[in-house]
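Input: a single structure, listed below in structure tokens.
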Amino acid sequence: MMNKVKQQEFILLISLYILRKNGYTKPPKRQVLNFIELRGLITQFEEDEALRCTGDSIRENDLAWKRKNLFDRGLIRSPEIGIWELSPAGVALVEQLPACKEWVYDQEKCAQCLAQWEYLTWETIAWMRRIIEGDFDLRQEPTTATTT
């Protein structure tokens, strides 16, 4: 089972990967957080909307800390303050997604996983499928996994 920390780290990695494939190799923090929220890549709990003293919501603050975890493991670089960049090791990790093909395309397995992983969404699954297929175009929304 993937715990909250691992789920949030995973969401950050695939978001940075998708942004990178669309030419945003060194996006600022706000762009990454907006991408995650606007694309529905993370479950939004009401209690996560409260603001921290930084002005970020609890969810945004949590994701910023997960960025730090990934940075410490060499999966993300921070060439400047507030800039988040996927490292070559991070790229390599995301590119292992085809190994998930077996369950990512199985609706029942996806539903079982999402029942256990409260932060991942059907939209996260849809983007995982697009990564596996090599389709990174941000101009077109992925078909939500539940409708395919």
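Within each chain, counting starts at residue 1; across the structure tokens, chains are named A, B, ... in the order shown, with ligands numbered 1 upward in that order.
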Next on the checklist: Residues within 12 Å of Leu33 of chain A, please, as a VMD selection string. Count only C-alpha atoms; anything in the same chain fewer than 5 positions from it doesn't count.
Outcome noted: chain A and resid 8 11 to 13 15 to 16 19 27 to 28 38 to 42 56 to 57 59 to 64 66 to 67 82 to 84
Output file for the selection above: C-alpha atoms, as an mmCIF file, in the first residue's frame:
data_model
loop_
_atom_site.group_PDB
_atom_site.id
_atom_site.type_symbol
_atom_site.label_atom_id
_atom_site.label_comp_id
_atom_site.auth_asym_id
_atom_site.auth_seq_id
_atom_site.Cartn_x
_atom_site.Cartn_y
_atom_site.Cartn_z
ATOM 1 C CA GLN A 8 2.107 12.926 -2.878
ATOM 2 C CA ILE A 11 1.979 13.013 -7.964
ATOM 3 C CA LEU A 12 4.835 15.545 -7.886
ATOM 4 C CA LEU A 13 7.091 13.331 -9.993
ATOM 5 C CA SER A 15 3.486 16.345 -12.752
ATOM 6 C CA LEU A 16 7.067 17.537 -13.194
ATOM 7 C CA LEU A 19 5.492 19.695 -17.518
ATOM 8 C CA PRO A 27 8.853 25.342 -13.527
ATOM 9 C CA PRO A 28 8.325 27.551 -10.507
ATOM 10 C CA LEU A 38 -6.240 22.329 -11.983
ATOM 11 C CA ARG A 39 -5.655 18.944 -13.641
ATOM 12 C CA GLY A 40 -7.234 17.100 -10.702
ATOM 13 C CA LEU A 41 -4.151 14.999 -9.997
ATOM 14 C CA ILE A 42 -4.693 15.006 -6.236
ATOM 15 C CA ASP A 56 -0.009 28.194 1.243
ATOM 16 C CA SER A 57 -2.819 25.758 1.895
ATOM 17 C CA ARG A 59 -2.057 20.619 0.707
ATOM 18 C CA GLU A 60 0.404 23.002 -0.980
ATOM 19 C CA ASN A 61 2.611 23.024 2.089
ATOM 20 C CA ASP A 62 2.556 19.206 2.212
ATOM 21 C CA LEU A 63 3.548 19.017 -1.451
ATOM 22 C CA ALA A 64 6.395 21.480 -0.880
ATOM 23 C CA LYS A 66 7.405 16.190 -0.432
ATOM 24 C CA ARG A 67 9.505 18.132 -2.960
ATOM 25 C CA GLY A 82 11.242 28.330 -5.864
ATOM 26 C CA ILE A 83 12.237 26.459 -9.030
ATOM 27 C CA TRP A 84 11.518 22.729 -9.194
#
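From atom CA of Cys53 of chain A back to atom CA of Thr121 of chain A, the distance works out to 27.9 Å.
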Item to check | Non-local contacts of Phe136 of chain A (7 Å; only C-alpha atoms; under 2 positions in same chain excluded) as a PyMOL selection string | outcome: chain A and resi 18+21-22+130-131+134+138
Next on the checklist: From a backbone DSSP assignment, name each residue in segment 65-129 of chain A labelled strand (DSSP E or B), as a PyMOL selection string.
Outcome noted: chain A and resi 76-77+83+85-86
Item to check | helix (DSSP H, G or I) positions in chain A, given as a ChimeraX atom specification | outcome: /A:4-21,29-38,46-49,58-72,88-94,97-104,107-116,122-133,145-147
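For the pair atom CA of Lys26 of chain A and atom CA of Glu85 of chain A, the interatomic distance is 4.8 Å.
Minimum atom-to-atom distance to Tyr119 of chain A, evaluated using only C-alpha atoms, belongs to A:Glu37 out of A:Arg73, A:Thr25, A:Glu37, A:Lys68.
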